[in-house]
file coords.csv (CSV, C-alpha atoms)
chain,number,residue,atom,x,y,z
Y,1098,MET,CA,-4.3,19.0,38.6
Y,1099,ASP,CA,-7.9,20.3,38.6
Y,1100,ILE,CA,-10.0,18.7,35.8
Y,1101,LYS,CA,-13.6,19.7,35.1
Y,1102,LYS,CA,-16.0,18.3,32.6
Y,1103,VAL,CA,-17.5,20.7,30.0
Y,1104,ASP,CA,-20.5,19.7,27.8
Y,1105,GLN,CA,-20.9,21.4,24.4
Y,1106,SER,CA,-22.8,21.0,21.2
Y,1107,CYS,CA,-21.3,20.7,17.8
Y,1108,VAL,CA,-22.7,22.6,14.8
Y,1109,ASP,CA,-24.3,19.4,13.6
Y,1110,GLY,CA,-26.1,18.9,16.9
Y,1111,SER,CA,-23.9,16.1,18.3
Y,1112,GLU,CA,-22.7,16.4,21.8
Y,1113,VAL,CA,-19.1,16.7,22.8
Y,1114,GLU,CA,-17.7,16.1,26.2
Y,1115,GLU,CA,-14.5,17.9,26.8
Y,1116,MET,CA,-12.1,17.4,29.7
Y,1117,VAL,CA,-10.3,20.6,30.6
Y,1118,ASP,CA,-7.3,20.8,32.9
Y,1119,THR,CA,-7.6,24.2,34.4
Y,1120,ASN,CA,-4.0,24.2,35.8
Y,1121,GLU,CA,-2.1,23.0,32.7
Y,1122,GLU,CA,-2.9,22.8,29.0
Y,1123,ASN,CA,-6.4,22.5,27.6
Y,1124,PHE,CA,-7.2,19.1,26.1
Y,1125,ALA,CA,-10.4,18.7,24.1
Y,1126,ILE,CA,-12.2,16.3,21.8
Y,1127,SER,CA,-13.1,18.2,18.7
Y,1128,CYS,CA,-16.4,18.0,17.0
Y,1129,SER,CA,-14.7,16.7,13.8
Y,1130,SER,CA,-13.2,13.7,15.7
Y,1131,VAL,CA,-16.5,12.8,17.2
Y,1132,SER,CA,-18.2,13.2,13.8
Y,1133,ALA,CA,-15.5,11.1,12.2
Y,1134,ALA,CA,-15.8,8.4,14.8
Y,1135,ALA,CA,-19.6,8.3,14.3
Y,1136,PHE,CA,-19.2,8.1,10.5
Y,1137,ASP,CA,-16.6,5.2,10.9
Y,1138,ALA,CA,-19.0,3.4,13.3
Y,1139,VAL,CA,-21.8,3.6,10.6
Y,1140,ILE,CA,-19.4,2.4,7.9
Y,1141,GLY,CA,-18.3,-0.5,10.1
Y,1142,GLY,CA,-22.0,-1.4,10.8
Y,1143,ILE,CA,-22.7,-1.3,7.1
Y,1144,GLU,CA,-19.8,-3.6,6.4
Y,1145,GLU,CA,-21.0,-6.1,9.1
Y,1146,ILE,CA,-24.6,-6.0,7.8
Y,1147,ILE,CA,-23.8,-6.5,4.1
Y,1148,MET,CA,-21.5,-9.4,5.0
Y,1149,GLU,CA,-24.2,-11.2,7.0
Y,1150,GLU,CA,-25.9,-14.2,5.4
Y,1151,LYS,CA,-29.3,-12.7,5.9
Y,1152,PHE,CA,-28.5,-9.6,3.8
Y,1153,GLN,CA,-26.6,-11.6,1.2
Y,1154,GLN,CA,-29.6,-13.9,0.7
Y,1155,LEU,CA,-32.0,-11.0,0.5
Y,1156,GLN,CA,-29.9,-9.4,-2.2
Y,1157,GLN,CA,-29.3,-12.7,-4.0
Y,1158,ARG,CA,-33.0,-13.6,-4.1
Y,1159,PHE,CA,-33.9,-10.2,-5.5
Y,1160,MET,CA,-31.3,-10.3,-8.2
Y,1161,ASP,CA,-32.2,-13.9,-9.1
Y,1162,GLN,CA,-35.8,-12.8,-9.6
Y,1163,ASN,CA,-35.0,-9.8,-11.7
Y,1164,TYR,CA,-31.7,-10.1,-13.6
Y,1165,LEU,CA,-33.3,-11.5,-16.8
Y,1166,GLU,CA,-35.1,-8.3,-17.3
Y,1167,PHE,CA,-31.9,-6.3,-17.8
Y,1168,GLU,CA,-30.3,-6.0,-21.2
Y,1169,ASP,CA,-27.0,-4.5,-22.2
Y,1170,SER,CA,-28.2,-1.6,-24.4
Y,1171,ASP,CA,-28.2,2.2,-24.2
Y,1172,GLU,CA,-32.0,2.2,-23.9
Y,1173,ASN,CA,-33.6,1.6,-20.5
Y,1174,LYS,CA,-36.8,-0.2,-20.4
Y,1175,LEU,CA,-39.7,1.2,-18.4
Y,1176,SER,CA,-39.8,-2.0,-16.4
Y,1177,TYR,CA,-36.4,-1.1,-14.8
Y,1178,THR,CA,-37.9,1.7,-12.8
Y,1179,PRO,CA,-40.2,-0.4,-10.5
Y,1180,ILE,CA,-37.4,-2.9,-10.1
Y,1181,PHE,CA,-35.1,-0.1,-9.0
Y,1182,ASN,CA,-37.7,1.3,-6.6
Y,1183,GLU,CA,-38.4,-2.1,-5.1
Y,1184,TYR,CA,-34.6,-2.8,-4.7
Y,1185,VAL,CA,-34.2,0.5,-2.9
Y,1186,GLU,CA,-37.2,-0.1,-0.7
Y,1187,LEU,CA,-36.2,-3.6,0.2
Y,1188,LEU,CA,-32.4,-3.4,0.7
Y,1189,GLU,CA,-32.0,0.2,1.8
Y,1190,LYS,CA,-34.8,0.0,4.3
Y,1191,ASN,CA,-33.4,-3.3,5.6
Y,1192,LEU,CA,-30.0,-1.7,5.9
Y,1193,GLU,CA,-31.4,1.4,7.6
Y,1194,GLN,CA,-33.4,-0.7,10.1
Y,1195,GLN,CA,-30.4,-2.8,11.1
Y,1196,LEU,CA,-28.3,0.3,11.5
Y,1197,LYS,CA,-30.9,1.8,13.8
Y,1198,GLU,CA,-30.9,-1.3,15.9
Y,1199,ARG,CA,-27.1,-1.2,16.2
Y,1200,ILE,CA,-26.7,2.6,16.4
Y,1201,PRO,CA,-29.9,4.1,17.9
Y,1202,THR,CA,-28.9,7.7,17.0
Y,1203,PHE,CA,-28.4,6.7,13.3
Y,1204,ASN,CA,-30.1,9.1,10.8
Y,1205,MET,CA,-30.0,8.1,7.1
Y,1206,ASN,CA,-30.2,11.7,5.8
Y,1207,THR,CA,-27.3,12.8,8.0
Y,1208,PHE,CA,-25.3,9.8,7.0
Y,1209,VAL,CA,-25.9,10.5,3.2
Y,1210,LYS,CA,-24.7,14.1,3.7
Y,1211,ARG,CA,-21.5,12.9,5.4
Y,1212,LEU,CA,-21.0,10.1,2.8
Y,1213,MET,CA,-21.0,12.6,0.0
Y,1214,GLN,CA,-18.3,14.6,1.9
Y,1215,HIS,CA,-16.2,11.6,2.8
Y,1216,LYS,CA,-16.7,9.1,0.0
Y,1217,GLU,CA,-13.0,8.8,-0.7
Y,1218,GLU,CA,-12.6,7.3,2.8
Y,1219,VAL,CA,-15.2,4.5,2.3
Y,1220,PRO,CA,-14.0,1.1,1.1
Y,1221,GLY,CA,-14.8,0.6,-2.6
Y,1222,ASP,CA,-17.1,-2.4,-2.2
Y,1223,ILE,CA,-19.2,-0.6,0.4
Y,1224,LEU,CA,-19.4,2.6,-1.6
Y,1225,ASP,CA,-20.3,0.6,-4.8
Y,1226,MET,CA,-23.2,-1.1,-3.0
Y,1227,LEU,CA,-24.4,2.2,-1.4
Y,1228,VAL,CA,-24.3,4.0,-4.8
Y,1229,THR,CA,-26.7,1.4,-6.2
Y,1230,PHE,CA,-29.4,2.9,-3.9
Y,1231,THR,CA,-29.1,6.3,-5.5
Y,1232,ASP,CA,-27.5,5.9,-8.9
Y,1233,PHE,CA,-29.7,4.1,-11.4
Y,1234,MET,CA,-26.9,3.5,-13.9
Y,1235,ALA,CA,-24.8,1.9,-11.1
Y,1236,PHE,CA,-27.8,-0.3,-10.3
Y,1237,LYS,CA,-28.3,-1.3,-13.9
Y,1238,GLU,CA,-24.5,-2.1,-14.3
Y,1239,MET,CA,-24.7,-4.3,-11.2
Y,1240,PHE,CA,-27.6,-6.3,-12.8
Y,1241,LEU,CA,-25.8,-6.5,-16.1
Y,1242,GLU,CA,-22.7,-7.9,-14.4
Y,1243,TYR,CA,-24.8,-10.3,-12.4
Y,1244,ARG,CA,-26.5,-11.5,-15.6
Y,1245,ALA,CA,-23.2,-12.0,-17.4
Y,1246,GLU,CA,-21.9,-14.0,-14.5
Y,1247,LYS,CA,-25.1,-16.2,-14.4
Y,1248,GLU,CA,-24.9,-16.8,-18.1
Y,1249,GLY,CA,-21.2,-17.7,-18.0
Y,1250,ARG,CA,-20.1,-14.5,-19.7
Y,1251,GLY,CA,-18.2,-13.1,-16.7
Y,1252,LEU,CA,-14.6,-12.1,-16.8
Y,1253,ASP,CA,-12.5,-15.2,-17.5
Y,1254,LEU,CA,-8.8,-14.8,-16.9
Y,1255,SER,CA,-8.0,-18.5,-17.5
Y,1256,GLN,CA,-7.5,-17.8,-21.2
Y,1257,GLY,CA,-4.7,-15.4,-20.4
Y,1258,LEU,CA,-2.8,-17.7,-18.0
Y,1259,VAL,CA,-0.1,-19.9,-19.6
Y,1260,VAL,CA,2.2,-22.1,-17.6
Y,1261,THR,CA,5.5,-22.9,-19.4
Y,1262,SER,CA,8.2,-25.1,-18.0
Y,1263,LEU,CA,11.6,-23.5,-18.1
Y,1264,ILE,CA,13.2,-27.0,-18.3
Y,1265,HIS,CA,13.0,-28.8,-21.6
Y,1266,PRO,CA,11.5,-32.3,-21.1
Y,1267,GLY,CA,14.5,-34.0,-22.8
Y,1268,SER,CA,17.2,-32.1,-20.9
Y,1269,LYS,CA,19.4,-33.7,-18.2
Y,1270,HIS,CA,17.6,-31.4,-15.6
Y,1271,ALA,CA,14.1,-32.8,-16.2
Y,1272,GLY,CA,12.7,-34.6,-13.2
Y,1273,LEU,CA,15.1,-33.0,-10.6
Y,1274,THR,CA,13.4,-32.2,-7.4
Y,1275,GLU,CA,16.0,-30.0,-5.9
Y,1276,PRO,CA,17.2,-26.8,-7.5
Y,1277,MET,CA,20.5,-26.8,-9.2
Y,1278,LEU,CA,22.7,-24.2,-7.5
Y,1279,PRO,CA,26.0,-23.1,-9.0
Y,1280,ASP,CA,29.2,-24.1,-7.2
Y,1281,ILE,CA,30.7,-21.3,-5.2
call {"tool": "encode", "arguments": {"input": "coords.csv", "output": "structure tokens"}}
result
Amino acid sequence: MDIKKVDQSCVDGSEVEEMVDTNEENFAISCSSVSAAAFDAVIGGIEEIIMEEKFQQLQQRFMDQNYLEFEDSDENKLSYTPIFNEYVELLEKNLEQQLKERIPTFNMNTFVKRLMQHKEEVPGDILDMLVTFTDFMAFKEMFLEYRAEKEGRGLDLSQGLVVTSLIHPGSKHAGLTEPMLPDI
């Protein structure tokens, strides 16, 4: 078996190293698998970063400072724009910096292009957070939900839960600790 290493470039500029068996079949790593692995590595890095206490506290402090400004109406106040810009500057830049520390070849513009092509592959919570950097309405909705939660108006499922005993309190089965099984 005679194997030689072949270096090639993908269309997107990423390098691919192929191992080719010159005596048998050709085996190669495709550009798409390298690209998919790089995309998955970035998504994994984002997931780690947003779960870290430092990032959580940064986002929490920002939201605590600004949530009272947002109102649930069709009109958007002019004051929302600088808050949105500050949020993007603070959190997106923080995320980008940490990704570059973990993945030195990380490029935000390249990642955003790939994200748009593969957004159905990204876990919902990560995609929702990333969308708040580019979609003002998603950003506003995030603040409205946060405000409702802070003011105790969040989704309360406790009113819909009802526990009913299947055994009437006065029946001969009340107080039994073992299930009654029919005789077989």
call {"tool": "residues_around", "arguments": {"input": "coords.csv", "residues": "segment 1218-1225 of chain Y", "least_positions_apart": "4", "cutoff": "8 Å", "atoms": "only C-alpha atoms", "output": "ChimeraX atom specification"}}
result
/Y:1140,1143-1144,1229,1235
call {"tool": "atom_distance", "arguments": {"input": "coords.csv", "atom1": "atom CA of Phe1240 of chain Y", "atom2": "atom CA of Tyr1164 of chain Y"}}
result
5.6 Å
call {"tool": "closest_residue", "arguments": {"input": "coords.csv", "among": "Y:Asp1161, Y:Glu1189, Y:Asp1232, Y:Glu1242", "to": "Met1205 of chain Y", "atoms": "all atoms listed in the file"}}
result
Y:Glu1189
call {"tool": "atom_distance", "arguments": {"input": "coords.csv", "atom1": "atom CA of Ala1134 of chain Y", "atom2": "atom CA of Pro1201 of chain Y"}}
result
15.1 Å
call {"tool": "atom_distance", "arguments": {"input": "coords.csv", "atom1": "atom CA of Phe1236 of chain Y", "atom2": "atom CA of Ser1132 of chain Y"}}
result
29.2 Å
